[in-house]
Structure formats: C-alpha cells, structure tokens
Amino acid sequence: MRSLEYQTLFISLCILHLCPLCEARPLRKRTVSEVQLMHNLGELKQVQERREWLQLRLRGIHGGPARASSGEAGRRRRPRPEELPDLRDMTPEDIQSALDVLEKLLKSKKS
C-alpha cells in the first residue's frame, strides 16, 4: 500500500509541475496564412463597425428646415431608417468619402 501512495504522490507532483509550463503557450507557431486570416478578420470587424456607425450618423442627419404647410407639393420628407440604403456593400473608400461629406456638412452648418 505504501508504494501505491508514493506513486500517486509522484504522479500528482509531476502533473502540478508541468501544468504551469504548458499554460498559455501555443502548441505550434502559426503559419503565415493563419496570421493573415486573423488580420483580415480584424479588418473586417473594423469595417463593419464603421458601417454601423455611418448608418447611425446618416439616420440622424436633418434634411432641412420644416415647412409651414404639410400639404405642400414639392416638400421632401425625411427618410425613415428602414428606407435608408444598406451600407454592407460599401468599400472602406466609400465610407471615408461619405464621412468627408458629413464633416463638410457639419462644418458648413456651424459657419
């Protein structure tokens, strides 16, 4: 019985010693394609966040001063959020140009 206790103690000490050494280490180095995939995924998430932000900003744009009579024939109404175009197909360049236009509008409003 005594040898069984020593074996159990020895095995548990070995396990306790090896656990911290293996913790948080990758089993192998990542390949270039895996690193590129992770980079692309990060960029994709960032572009999606920009699109969502831009959609929120576009929904908040004021279309112009309100007119006195609601039955006016040439009156433009403010689009509803569900009527706005879907921005998922926009490229980062399209998003940047839209942001530039929004900044120009905001600067012209302040002046």
# chains A, B, ... in the order shown; residues from 1 in each chain; ligands from 1
$ residues_around --residues "A:Leu87" --least-positions-apart "6" --cutoff "10 Å" --atoms "only C-alpha atoms" --output "list in words"
Gln48, Arg50, Arg51, Glu52, Leu54, Gln55, Asp94 and Ile95 of chain A
$ write_last_selection --atoms "C-alpha atoms" --output "PDB file, in the first residue's frame"
ATOM      1  CA  GLN A  48     -18.376  46.543 -40.138  1.00  0.00           C
ATOM      2  CA  ARG A  50     -17.548  51.792 -39.317  1.00  0.00           C
ATOM      3  CA  ARG A  51     -20.552  50.900 -41.487  1.00  0.00           C
ATOM      4  CA  GLU A  52     -22.818  50.588 -38.472  1.00  0.00           C
ATOM      5  CA  LEU A  54     -22.096  55.565 -40.513  1.00  0.00           C
ATOM      6  CA  GLN A  55     -25.631  54.189 -40.759  1.00  0.00           C
ATOM      7  CA  ASP A  94     -16.781  54.764 -49.988  1.00  0.00           C
ATOM      8  CA  ILE A  95     -17.165  55.002 -46.239  1.00  0.00           C
TER       9      ILE A  95
END
$ closest_residue --among "A:Cys14, A:Cys19, A:Leu56, A:Met38" --to "A:Glu82" --atoms "only C-alpha atoms"
A:Leu56
$ residues_around --residues "A:Glu83" --least-positions-apart "4" --cutoff "10 Å" --atoms "only C-alpha atoms" --output "PyMOL selection string"
chain A and resi 59+78-79
$ closest_residue --among "A:Thr8, A:Gly60, A:Leu13, A:Arg2" --to "A:Arg80" --atoms "only C-alpha atoms"
A:Gly60
